[in-house]
$ cat data_7.csv   # CSV, C-alpha atoms and all ligand atoms
chain,number,residue,atom,x,y,z
A,185,MET,CA,0.0,0.0,0.0
A,186,THR,CA,3.0,2.3,0.7
A,187,ASP,CA,4.0,1.9,-3.0
A,188,LEU,CA,0.6,2.9,-4.1
A,189,GLY,CA,0.7,5.9,-1.8
A,190,ILE,CA,4.0,7.1,-3.4
A,191,LEU,CA,2.7,6.5,-6.9
A,192,ALA,CA,-0.5,8.3,-6.1
A,193,PHE,CA,1.3,11.3,-4.7
A,194,GLY,CA,3.5,11.4,-7.8
A,195,LEU,CA,0.6,11.2,-10.2
A,196,GLY,CA,-1.3,13.9,-8.3
A,197,ALA,CA,1.6,16.2,-7.9
A,198,ILE,CA,3.4,16.1,-11.3
A,199,PRO,CA,1.1,18.7,-13.0
A,200,VAL,CA,2.0,21.2,-10.2
A,201,VAL,CA,5.5,21.3,-11.8
A,202,ALA,CA,3.9,23.1,-14.7
A,203,ILE,CA,4.2,26.2,-12.5
A,204,LEU,CA,7.8,26.4,-13.8
A,205,LEU,CA,6.2,27.8,-17.1
A,206,TYR,CA,6.0,31.1,-15.2
A,207,ASN,CA,9.8,31.3,-15.7
A,208,ILE,CA,9.2,31.5,-19.4
A,209,ASP,CA,5.9,33.4,-19.3
A,210,ARG,CA,7.1,35.9,-21.9
A,211,PHE,CA,8.0,33.1,-24.2
A,212,VAL,CA,4.5,31.6,-23.7
A,213,LEU,CA,2.8,34.9,-24.4
A,214,ARG,CA,5.0,35.6,-27.5
A,215,HIS,CA,4.5,32.2,-29.1
A,216,ARG,CA,0.8,32.0,-28.9
A,217,GLU,CA,0.3,30.0,-32.0
A,218,ALA,CA,2.5,27.3,-30.7
A,219,THR,CA,1.4,27.3,-27.1
A,220,TRP,CA,-2.4,27.6,-27.7
A,221,GLY,CA,-2.4,25.4,-30.8
A,222,PHE,CA,-0.5,22.7,-28.8
A,223,LEU,CA,-3.0,23.0,-25.9
A,224,CYS,CA,-5.9,22.7,-28.3
A,225,GLY,CA,-4.4,19.4,-29.5
A,226,VAL,CA,-3.9,18.1,-25.9
A,227,ILE,CA,-7.5,19.1,-24.9
A,228,GLY,CA,-8.9,17.7,-28.2
A,229,PHE,CA,-7.2,14.3,-27.5
A,230,LEU,CA,-8.1,14.1,-23.8
A,231,GLY,CA,-11.7,15.3,-23.9
A,232,LEU,CA,-12.8,14.2,-27.3
A,233,SER,CA,-10.8,11.1,-28.3
A,234,HIS,CA,-9.6,9.6,-25.0
A,235,ALA,CA,-12.6,10.2,-22.7
A,236,MET,CA,-15.3,9.4,-25.3
A,237,SER,CA,-13.6,6.3,-26.5
A,238,LEU,CA,-13.4,5.1,-22.8
A,239,VAL,CA,-17.2,5.7,-22.5
A,240,LEU,CA,-17.9,3.7,-25.7
A,241,PHE,CA,-15.5,0.9,-24.7
A,242,ASN,CA,-16.9,0.7,-21.1
A,243,HIS,CA,-20.5,0.9,-22.5
A,244,SER,CA,-20.0,-2.4,-24.2
A,245,ARG,CA,-18.6,-4.0,-21.0
A,246,PHE,CA,-21.7,-3.4,-18.9
A,247,GLY,CA,-24.0,-6.4,-18.5
A,248,ASP,CA,-27.0,-4.2,-18.7
A,249,ALA,CA,-27.2,-1.9,-21.7
A,250,ALA,CA,-29.9,0.3,-20.2
A,251,ILE,CA,-27.8,1.1,-17.1
A,252,ALA,CA,-24.7,1.7,-19.3
A,253,THR,CA,-26.7,4.1,-21.5
A,254,ALA,CA,-28.3,5.9,-18.6
A,255,LEU,CA,-25.0,6.4,-16.8
A,256,SER,CA,-23.2,7.6,-19.9
A,257,PHE,CA,-26.0,9.9,-20.7
A,258,VAL,CA,-26.2,11.4,-17.2
A,259,GLY,CA,-22.4,11.9,-17.3
A,260,LEU,CA,-22.5,13.6,-20.7
A,261,VAL,CA,-25.3,16.0,-19.5
A,262,VAL,CA,-23.6,16.8,-16.2
A,263,GLY,CA,-20.3,17.6,-18.0
A,264,ALA,CA,-22.1,19.8,-20.5
A,265,SER,CA,-24.0,21.6,-17.6
A,266,VAL,CA,-20.7,22.3,-15.7
A,267,ALA,CA,-19.2,23.7,-18.9
A,268,TRP,CA,-22.3,25.9,-19.5
A,269,PHE,CA,-22.2,27.3,-15.9
A,270,ILE,CA,-18.5,28.2,-16.2
A,271,PHE,CA,-18.9,29.9,-19.6
A,272,GLU,CA,-22.4,31.4,-19.3
A,273,GLY,CA,-23.2,31.4,-15.6
A,274,PRO,CA,-22.8,34.4,-13.3
A,275,PHE,CA,-19.9,33.0,-11.4
A,276,VAL,CA,-16.9,33.9,-13.5
A,277,GLN,CA,-16.9,37.3,-14.9
A,278,THR,CA,-14.2,37.8,-17.5
A,279,GLU,CA,-13.5,35.6,-20.6
A,280,PRO,CA,-9.8,34.8,-19.8
A,281,ASN,CA,-10.8,33.7,-16.3
A,282,ARG,CA,-13.6,31.5,-17.7
A,283,ILE,CA,-11.0,29.7,-19.8
A,284,VAL,CA,-8.8,29.3,-16.7
A,285,TRP,CA,-11.7,27.8,-14.6
A,286,ALA,CA,-12.9,25.6,-17.4
A,287,ALA,CA,-9.3,24.2,-17.6
A,288,VAL,CA,-9.2,23.7,-13.8
A,289,ALA,CA,-12.5,21.8,-13.9
A,290,PHE,CA,-11.4,19.7,-16.8
A,291,ILE,CA,-8.0,18.8,-15.3
A,292,GLY,CA,-9.6,18.2,-11.9
A,293,LEU,CA,-12.0,15.7,-13.4
A,294,HIS,CA,-9.5,14.2,-15.7
A,295,SER,CA,-7.1,13.6,-12.8
A,296,VAL,CA,-9.7,11.6,-11.0
A,297,GLY,CA,-9.9,9.4,-14.0
A,298,ASP,CA,-6.0,9.1,-14.1
A,299,GLY,CA,-6.1,8.1,-10.4
A,300,LEU,CA,-8.7,5.4,-11.0
A,301,VAL,CA,-6.6,3.9,-13.7
A,302,LEU,CA,-3.5,3.7,-11.5
A,303,GLY,CA,-5.5,2.5,-8.5
A,304,GLY,CA,-7.4,-0.1,-10.6
A,305,GLY,CA,-4.0,-1.7,-11.5
A,306,PHE,CA,-3.5,-2.6,-7.9
A,307,ILE,CA,-6.6,-4.7,-7.4
A,308,SER,CA,-6.8,-8.2,-8.7
A,309,VAL,CA,-9.9,-7.9,-10.9
A,310,LEU,CA,-8.2,-5.5,-13.3
A,311,PRO,CA,-4.9,-6.0,-15.2
A,312,LEU,CA,-1.8,-4.8,-13.3
A,313,LEU,CA,-0.1,-1.7,-14.7
A,314,PRO,CA,3.5,-2.2,-15.6
A,315,ILE,CA,5.8,0.2,-13.7
A,316,ASP,CA,9.1,0.7,-15.7
A,317,ALA,CA,11.2,3.6,-16.9
A,318,VAL,CA,9.1,4.1,-20.0
A,319,THR,CA,5.8,4.1,-18.1
A,320,VAL,CA,7.2,6.5,-15.5
A,321,ALA,CA,8.7,8.9,-18.1
A,322,ALA,CA,5.5,8.8,-20.1
A,323,THR,CA,3.4,9.5,-17.0
A,324,VAL,CA,5.6,12.4,-16.1
A,325,VAL,CA,5.2,14.0,-19.6
A,326,HIS,CA,1.5,13.2,-19.7
A,327,ARG,CA,0.8,14.8,-16.3
A,328,PHE,CA,3.1,17.7,-17.0
A,329,LEU,CA,1.2,18.6,-20.2
A,330,GLU,CA,-2.0,18.4,-18.2
A,331,GLY,CA,-0.6,21.0,-15.8
A,332,CYS,CA,0.2,23.2,-18.8
A,333,VAL,CA,-3.5,23.1,-19.8
A,334,ILE,CA,-4.1,25.1,-16.6
A,335,ILE,CA,-1.0,27.3,-16.5
A,336,VAL,CA,-1.0,28.7,-20.1
A,337,PRO,CA,-4.5,30.2,-19.7
A,338,ALA,CA,-3.5,31.4,-16.2
A,339,ILE,CA,-0.5,33.2,-17.6
A,340,TRP,CA,-2.7,34.6,-20.4
A,341,ALA,CA,-5.2,35.8,-17.8
A,342,SER,CA,-2.4,37.5,-15.8
A,343,TRP,CA,-2.8,35.3,-12.8
A,344,LYS,CA,0.0,35.7,-10.2
A,345,PRO,CA,2.2,32.6,-9.9
A,346,ARG,CA,1.2,31.9,-6.3
A,347,SER,CA,-2.6,31.9,-7.2
A,348,ALA,CA,-1.9,29.8,-10.3
A,349,LEU,CA,0.0,27.3,-8.1
A,350,VAL,CA,-3.2,26.9,-6.1
A,351,LEU,CA,-5.2,26.2,-9.3
A,352,LEU,CA,-2.8,23.4,-10.1
A,353,PHE,CA,-3.9,21.6,-6.9
A,354,ALA,CA,-6.9,20.5,-8.9
A,355,SER,CA,-4.7,17.8,-10.2
A,356,LEU,CA,-4.3,16.4,-6.6
A,357,THR,CA,-7.8,14.9,-7.1
A,358,ALA,CA,-5.8,12.0,-8.6
A,359,ILE,CA,-4.5,11.0,-5.1
A,360,PRO,CA,-7.8,10.0,-3.3
A,361,ALA,CA,-9.1,8.6,-6.7
A,362,THR,CA,-6.1,6.2,-6.7
A,363,PHE,CA,-7.4,4.6,-3.5
A,364,LEU,CA,-11.0,4.3,-4.6
A,365,PRO,CA,-10.8,1.1,-6.7
A,366,GLY,CA,-9.0,-0.6,-3.7
A,367,LEU,CA,-11.7,0.6,-1.3
A,368,ILE,CA,-14.5,-0.6,-3.5
A,369,TYR,CA,-12.8,-3.9,-3.9
A,370,GLY,CA,-12.3,-4.2,-0.2
A,371,ALA,CA,-15.9,-3.5,0.5
A,372,TYR,CA,-17.6,-5.5,-2.3
A,373,GLY,CA,-14.9,-7.8,-3.6
A,374,PRO,CA,-15.4,-9.4,-7.0
A,375,SER,CA,-19.2,-9.4,-6.6
A,376,SER,CA,-21.4,-8.1,-9.4
A,377,LEU,CA,-22.1,-4.9,-7.5
A,378,GLY,CA,-18.4,-4.4,-6.9
A,379,ALA,CA,-17.6,-5.0,-10.6
A,380,THR,CA,-20.4,-2.7,-11.7
A,381,LEU,CA,-19.1,0.1,-9.5
A,382,GLN,CA,-15.6,-0.4,-10.8
A,383,LEU,CA,-17.0,0.1,-14.3
A,384,ALA,CA,-19.7,2.7,-13.6
A,385,ILE,CA,-17.5,5.3,-11.8
A,386,PRO,CA,-14.9,5.7,-14.5
A,387,THR,CA,-17.5,5.6,-17.2
A,388,MET,CA,-19.6,8.3,-15.6
A,389,LEU,CA,-16.5,10.5,-15.0
A,390,ALA,CA,-15.2,10.0,-18.6
A,391,ALA,CA,-18.7,10.9,-20.0
A,392,MET,CA,-18.6,14.1,-17.9
A,393,GLU,CA,-15.0,14.8,-19.1
A,394,ALA,CA,-16.0,14.2,-22.7
A,395,THR,CA,-18.7,16.9,-22.8
A,396,LEU,CA,-16.8,19.2,-20.5
A,397,GLY,CA,-14.0,18.7,-23.1
A,398,LEU,CA,-16.2,18.8,-26.1
A,399,LEU,CA,-19.0,21.3,-25.3
A,400,SER,CA,-17.0,23.6,-23.1
A,401,LEU,CA,-13.3,23.1,-23.4
A,402,GLY,CA,-13.8,21.6,-26.9
A,403,LEU,CA,-16.6,23.6,-28.5
A,404,LEU,CA,-16.4,26.7,-26.3
A,405,LEU,CA,-12.7,26.7,-25.7
A,406,PHE,CA,-12.0,25.9,-29.3
A,407,VAL,CA,-14.5,28.5,-30.5
A,408,ARG,CA,-14.3,31.2,-27.8
A,409,GLY,CA,-11.0,30.5,-26.1
A,410,PHE,CA,-8.1,28.6,-27.5
A,411,LEU,CA,-8.6,28.9,-31.3
A,412,PRO,CA,-9.3,32.6,-31.5
A,413,ILE,CA,-6.2,33.2,-29.5
A,414,ALA,CA,-4.1,30.7,-31.4
A,415,SER,CA,-5.3,32.1,-34.7
A,416,ALA,CA,-5.3,35.8,-33.7
A,417,ASP,CA,-2.1,36.4,-35.5
A,418,ARG,CA,-3.6,35.0,-38.7
A,419,GLY,CA,-0.6,32.7,-38.8
A,420,SER,CA,-0.6,29.4,-40.5
A,421,ARG,CA,1.4,27.5,-37.9
A,422,TRP,CA,-1.3,26.8,-35.3
A,423,PRO,CA,-2.9,23.9,-37.2
A,424,ALA,CA,0.5,22.3,-37.2
A,425,TRP,CA,0.9,22.9,-33.4
A,426,LEU,CA,-2.7,21.5,-32.9
A,427,ALA,CA,-1.7,18.3,-34.6
A,428,ILE,CA,1.6,18.1,-32.7
A,429,GLY,CA,-0.2,18.6,-29.4
A,430,PHE,CA,-2.7,15.9,-30.3
A,431,ILE,CA,-0.1,13.4,-31.5
A,432,ALA,CA,2.2,14.1,-28.5
A,433,ILE,CA,-0.4,13.5,-25.8
A,434,GLY,CA,-1.6,10.5,-27.8
A,435,LEU,CA,1.9,9.1,-27.9
A,436,VAL,CA,2.4,9.3,-24.2
A,437,HIS,CA,-0.9,7.6,-23.7
A,438,PHE,CA,0.1,4.7,-25.9
A,439,LEU,CA,3.1,4.3,-23.5
A,440,VAL,CA,1.1,4.4,-20.3
A,441,GLU,CA,-2.3,3.0,-21.0
B,1,ZN,ZN,-4.2,12.1,-17.8
$ encode --input "data_7.csv" --output "structure tokens" --more "lines below"
Ligand SMILES: [Zn+2]
Amino acid sequence: MTDLGILAFGLGAIPVVAILLYNIDRFVLRHREATWGFLCGVIGFLGLSHAMSLVLFNHSRFGDAAIATALSFVGLVVGASVAWFIFEGPFVQTEPNRIVWAAVAFIGLHSVGDGLVLGGGFISVLPLLPIDAVTVAATVVHRFLEGCVIIVPAIWASWKPRSALVLLFASLTAIPATFLPGLIYGAYGPSSLGATLQLAIPTMLAAMEATLGLLSLGLLLFVRGFLPIASADRGSRWPAWLAIGFIAIGLVHFLVE
């Protein structure tokens, strides 16, 4: 269990390292096509491709198709609602801050999913995750990039480094999440209820992440946040950076999951 604790802490804390981007904040602001284009690719992969493919994959693994559909549907609606509240609700006033908070919500939610994957590898009903140099390096890169998803909009919205550091703590949701599969297994074992919970929780979260990613961070961030900023210079390099971001985060996922 100690091993899992160390891994959980590492997984939760790595994105916080993205605070170092404040050392090159002028570079980040100057190269907006590259930084925002790259982030669009990362969000596009995590929210649209990764989360939604997990929902579809898990949907087919449920014994009961009606429950699977209901859970996925509720998750999708909740994710879209959260996105709508951040972008259209009265809570966050200015546009750059809406992007920052949407990024925080997205990475907070995504980190829970990352924690569940790690924790799931430590119980016998799910396949064990290999822990080797490649996995560790890929995890560090993957989680660091997720921290950048919060930090780049924070630099853009002129957040002070200390406040931005607090935002990064959203990634710490991975730590309790890592222990959840073990707790559920401890309580329900390999019973059908236990197995259903192990499947239902990540499915629901991934569905929320998919619409939070698509509708808000995808649709709204793409349309109102990232892409207008990335393409503001009317340059032609941001689509290339979009593709690079998408492929880069995809590549590290091939190595860890
Ligand atoms: Zn992740």
$ closest_residue --input "data_7.csv" --among "A:Ser355, A:Ser244, A:Thr253, A:Thr278" --to "ligand ZN 1 (chain B)" --atoms "all atoms listed in the file"
A:Ser355
$ closest_residue --input "data_7.csv" --among "A:Gly221, A:Gly247, A:Gly263, A:Gly297" --to "ligand ZN 1 (chain B)" --atoms "all atoms listed in the file"
A:Gly297
$ residues_near_ligand --input "data_7.csv" --ligand "ligand ZN 1 (chain B)" --cutoff "6 Å" --atoms "all atoms listed in the file" --output "PDB file with C-alpha atoms, keeping the file's coordinate frame"
ATOM      1  CA  SER A 295      -7.100  13.600 -12.800  1.00  0.00           C
ATOM      2  CA  ASP A 298      -6.000   9.100 -14.100  1.00  0.00           C
ATOM      3  CA  ARG A 327       0.800  14.800 -16.300  1.00  0.00           C
TER       4      ARG A 327
END
$ closest_residue --input "data_7.csv" --among "A:Ala361, A:Val336, A:Leu191, A:Val320" --to "Phe222 (chain A)" --atoms "only C-alpha atoms"
A:Val336
$ closest_residue --input "data_7.csv" --among "A:Glu272, A:Glu330, A:Glu393, A:Asp316" --to "Leu439 (chain A)" --atoms "only C-alpha atoms"
A:Asp316
$ atom_distance --input "data_7.csv" --atom1 "CA of Phe290 (chain A)" --atom2 "CA of Gly397 (chain A)"
6.9 Å
$ atom_distance --input "data_7.csv" --atom1 "CA of Leu302 (chain A)" --atom2 "CA of Leu260 (chain A)"
23.3 Å
$ closest_atom_pairs --input "data_7.csv" --of "region 196-284 of chain A" --to "region 381-386 of chain A" --cutoff "10 Å" --atoms "only C-alpha atoms" --output "JSON lines"
{"residue": "A:Ala235", "atom": "CA", "partner": "A:Pro386", "partner_atom": "CA", "distance": 9.6}
{"residue": "A:Leu238", "atom": "CA", "partner": "A:Pro386", "partner_atom": "CA", "distance": 8.5}
{"residue": "A:Val239", "atom": "CA", "partner": "A:Pro386", "partner_atom": "CA", "distance": 8.3}
{"residue": "A:Asn242", "atom": "CA", "partner": "A:Leu383", "partner_atom": "CA", "distance": 6.8}
{"residue": "A:His243", "atom": "CA", "partner": "A:Leu383", "partner_atom": "CA", "distance": 9.0}
{"residue": "A:Arg245", "atom": "CA", "partner": "A:Leu383", "partner_atom": "CA", "distance": 8.0}
{"residue": "A:Phe246", "atom": "CA", "partner": "A:Leu383", "partner_atom": "CA", "distance": 7.4}
{"residue": "A:Ile251", "atom": "CA", "partner": "A:Ala384", "partner_atom": "CA", "distance": 9.0}
{"residue": "A:Ala252", "atom": "CA", "partner": "A:Ala384", "partner_atom": "CA", "distance": 7.6}
{"residue": "A:Leu255", "atom": "CA", "partner": "A:Ala384", "partner_atom": "CA", "distance": 7.2}
{"residue": "A:Ser256", "atom": "CA", "partner": "A:Ala384", "partner_atom": "CA", "distance": 8.7}
{"residue": "A:Gly259", "atom": "CA", "partner": "A:Ile385", "partner_atom": "CA", "distance": 9.9}
$ write_last_selection --input "data_7.csv" --atoms "C-alpha atoms" --output "PDB file, in the coordinates of the input"
ATOM      1  CA  ALA A 235     -12.600  10.200 -22.700  1.00  0.00           C
ATOM      2  CA  LEU A 238     -13.400   5.100 -22.800  1.00  0.00           C
ATOM      3  CA  VAL A 239     -17.200   5.700 -22.500  1.00  0.00           C
ATOM      4  CA  ASN A 242     -16.900   0.700 -21.100  1.00  0.00           C
ATOM      5  CA  HIS A 243     -20.500   0.900 -22.500  1.00  0.00           C
ATOM      6  CA  ARG A 245     -18.600  -4.000 -21.000  1.00  0.00           C
ATOM      7  CA  PHE A 246     -21.700  -3.400 -18.900  1.00  0.00           C
ATOM      8  CA  ILE A 251     -27.800   1.100 -17.100  1.00  0.00           C
ATOM      9  CA  ALA A 252     -24.700   1.700 -19.300  1.00  0.00           C
ATOM     10  CA  LEU A 255     -25.000   6.400 -16.800  1.00  0.00           C
ATOM     11  CA  SER A 256     -23.200   7.600 -19.900  1.00  0.00           C
ATOM     12  CA  GLY A 259     -22.400  11.900 -17.300  1.00  0.00           C
TER      13      GLY A 259
END
$ decode --input "data_7.csv" --residues "region 265-350 of chain A" --atoms "C-alpha atoms" --output "PDB file, in the first residue's frame"
ATOM      1  CA  SER A 265     -23.950  21.592 -17.640  1.00  0.00           C
ATOM      2  CA  VAL A 266     -20.737  22.272 -15.734  1.00  0.00           C
ATOM      3  CA  ALA A 267     -19.229  23.703 -18.910  1.00  0.00           C
ATOM      4  CA  TRP A 268     -22.273  25.873 -19.494  1.00  0.00           C
ATOM      5  CA  PHE A 269     -22.197  27.252 -15.944  1.00  0.00           C
ATOM      6  CA  ILE A 270     -18.543  28.179 -16.237  1.00  0.00           C
ATOM      7  CA  PHE A 271     -18.927  29.910 -19.585  1.00  0.00           C
ATOM      8  CA  GLU A 272     -22.422  31.363 -19.339  1.00  0.00           C
ATOM      9  CA  GLY A 273     -23.202  31.415 -15.614  1.00  0.00           C
ATOM     10  CA  PRO A 274     -22.807  34.426 -13.341  1.00  0.00           C
ATOM     11  CA  PHE A 275     -19.870  32.992 -11.356  1.00  0.00           C
ATOM     12  CA  VAL A 276     -16.865  33.862 -13.471  1.00  0.00           C
ATOM     13  CA  GLN A 277     -16.866  37.338 -14.900  1.00  0.00           C
ATOM     14  CA  THR A 278     -14.218  37.804 -17.550  1.00  0.00           C
ATOM     15  CA  GLU A 279     -13.502  35.646 -20.573  1.00  0.00           C
ATOM     16  CA  PRO A 280      -9.849  34.797 -19.827  1.00  0.00           C
ATOM     17  CA  ASN A 281     -10.845  33.672 -16.331  1.00  0.00           C
ATOM     18  CA  ARG A 282     -13.643  31.497 -17.731  1.00  0.00           C
ATOM     19  CA  ILE A 283     -11.038  29.674 -19.776  1.00  0.00           C
ATOM     20  CA  VAL A 284      -8.837  29.281 -16.694  1.00  0.00           C
ATOM     21  CA  TRP A 285     -11.671  27.837 -14.568  1.00  0.00           C
ATOM     22  CA  ALA A 286     -12.862  25.569 -17.355  1.00  0.00           C
ATOM     23  CA  ALA A 287      -9.305  24.238 -17.604  1.00  0.00           C
ATOM     24  CA  VAL A 288      -9.184  23.719 -13.819  1.00  0.00           C
ATOM     25  CA  ALA A 289     -12.515  21.821 -13.861  1.00  0.00           C
ATOM     26  CA  PHE A 290     -11.370  19.727 -16.806  1.00  0.00           C
ATOM     27  CA  ILE A 291      -7.996  18.781 -15.324  1.00  0.00           C
ATOM     28  CA  GLY A 292      -9.558  18.167 -11.881  1.00  0.00           C
ATOM     29  CA  LEU A 293     -12.022  15.737 -13.414  1.00  0.00           C
ATOM     30  CA  HIS A 294      -9.456  14.167 -15.719  1.00  0.00           C
ATOM     31  CA  SER A 295      -7.088  13.640 -12.767  1.00  0.00           C
ATOM     32  CA  VAL A 296      -9.747  11.592 -10.961  1.00  0.00           C
ATOM     33  CA  GLY A 297      -9.853   9.359 -14.032  1.00  0.00           C
ATOM     34  CA  ASP A 298      -6.040   9.099 -14.096  1.00  0.00           C
ATOM     35  CA  GLY A 299      -6.073   8.140 -10.398  1.00  0.00           C
ATOM     36  CA  LEU A 300      -8.699   5.442 -10.976  1.00  0.00           C
ATOM     37  CA  VAL A 301      -6.602   3.881 -13.743  1.00  0.00           C
ATOM     38  CA  LEU A 302      -3.542   3.742 -11.476  1.00  0.00           C
ATOM     39  CA  GLY A 303      -5.512   2.459  -8.479  1.00  0.00           C
ATOM     40  CA  GLY A 304      -7.359  -0.100 -10.621  1.00  0.00           C
ATOM     41  CA  GLY A 305      -4.014  -1.657 -11.512  1.00  0.00           C
ATOM     42  CA  PHE A 306      -3.525  -2.552  -7.857  1.00  0.00           C
ATOM     43  CA  ILE A 307      -6.582  -4.733  -7.430  1.00  0.00           C
ATOM     44  CA  SER A 308      -6.810  -8.239  -8.723  1.00  0.00           C
ATOM     45  CA  VAL A 309      -9.908  -7.859 -10.904  1.00  0.00           C
ATOM     46  CA  LEU A 310      -8.184  -5.452 -13.264  1.00  0.00           C
ATOM     47  CA  PRO A 311      -4.914  -5.992 -15.179  1.00  0.00           C
ATOM     48  CA  LEU A 312      -1.811  -4.807 -13.322  1.00  0.00           C
ATOM     49  CA  LEU A 313      -0.127  -1.703 -14.714  1.00  0.00           C
ATOM     50  CA  PRO A 314       3.523  -2.212 -15.608  1.00  0.00           C
ATOM     51  CA  ILE A 315       5.841   0.171 -13.743  1.00  0.00           C
ATOM     52  CA  ASP A 316       9.072   0.678 -15.658  1.00  0.00           C
ATOM     53  CA  ALA A 317      11.203   3.584 -16.879  1.00  0.00           C
ATOM     54  CA  VAL A 318       9.128   4.134 -20.020  1.00  0.00           C
ATOM     55  CA  THR A 319       5.843   4.134 -18.085  1.00  0.00           C
ATOM     56  CA  VAL A 320       7.177   6.510 -15.467  1.00  0.00           C
ATOM     57  CA  ALA A 321       8.666   8.894 -18.062  1.00  0.00           C
ATOM     58  CA  ALA A 322       5.480   8.837 -20.148  1.00  0.00           C
ATOM     59  CA  THR A 323       3.385   9.480 -17.037  1.00  0.00           C
ATOM     60  CA  VAL A 324       5.552  12.445 -16.074  1.00  0.00           C
ATOM     61  CA  VAL A 325       5.216  13.969 -19.573  1.00  0.00           C
ATOM     62  CA  HIS A 326       1.496  13.214 -19.732  1.00  0.00           C
ATOM     63  CA  ARG A 327       0.752  14.774 -16.341  1.00  0.00           C
ATOM     64  CA  PHE A 328       3.069  17.745 -16.957  1.00  0.00           C
ATOM     65  CA  LEU A 329       1.208  18.560 -20.171  1.00  0.00           C
ATOM     66  CA  GLU A 330      -2.040  18.427 -18.204  1.00  0.00           C
ATOM     67  CA  GLY A 331      -0.622  20.999 -15.797  1.00  0.00           C
ATOM     68  CA  CYS A 332       0.211  23.193 -18.807  1.00  0.00           C
ATOM     69  CA  VAL A 333      -3.469  23.114 -19.784  1.00  0.00           C
ATOM     70  CA  ILE A 334      -4.124  25.133 -16.603  1.00  0.00           C
ATOM     71  CA  ILE A 335      -0.980  27.267 -16.546  1.00  0.00           C
ATOM     72  CA  VAL A 336      -0.998  28.655 -20.082  1.00  0.00           C
ATOM     73  CA  PRO A 337      -4.520  30.162 -19.712  1.00  0.00           C
ATOM     74  CA  ALA A 338      -3.499  31.394 -16.219  1.00  0.00           C
ATOM     75  CA  ILE A 339      -0.451  33.209 -17.633  1.00  0.00           C
ATOM     76  CA  TRP A 340      -2.692  34.573 -20.373  1.00  0.00           C
ATOM     77  CA  ALA A 341      -5.230  35.828 -17.807  1.00  0.00           C
ATOM     78  CA  SER A 342      -2.392  37.496 -15.830  1.00  0.00           C
ATOM     79  CA  TRP A 343      -2.752  35.295 -12.753  1.00  0.00           C
ATOM     80  CA  LYS A 344       0.017  35.692 -10.197  1.00  0.00           C
ATOM     81  CA  PRO A 345       2.238  32.574  -9.924  1.00  0.00           C
ATOM     82  CA  ARG A 346       1.151  31.940  -6.325  1.00  0.00           C
ATOM     83  CA  SER A 347      -2.560  31.910  -7.232  1.00  0.00           C
ATOM     84  CA  ALA A 348      -1.858  29.821 -10.315  1.00  0.00           C
ATOM     85  CA  LEU A 349      -0.045  27.307  -8.112  1.00  0.00           C
ATOM     86  CA  VAL A 350      -3.244  26.886  -6.093  1.00  0.00           C
TER      87      VAL A 350
END
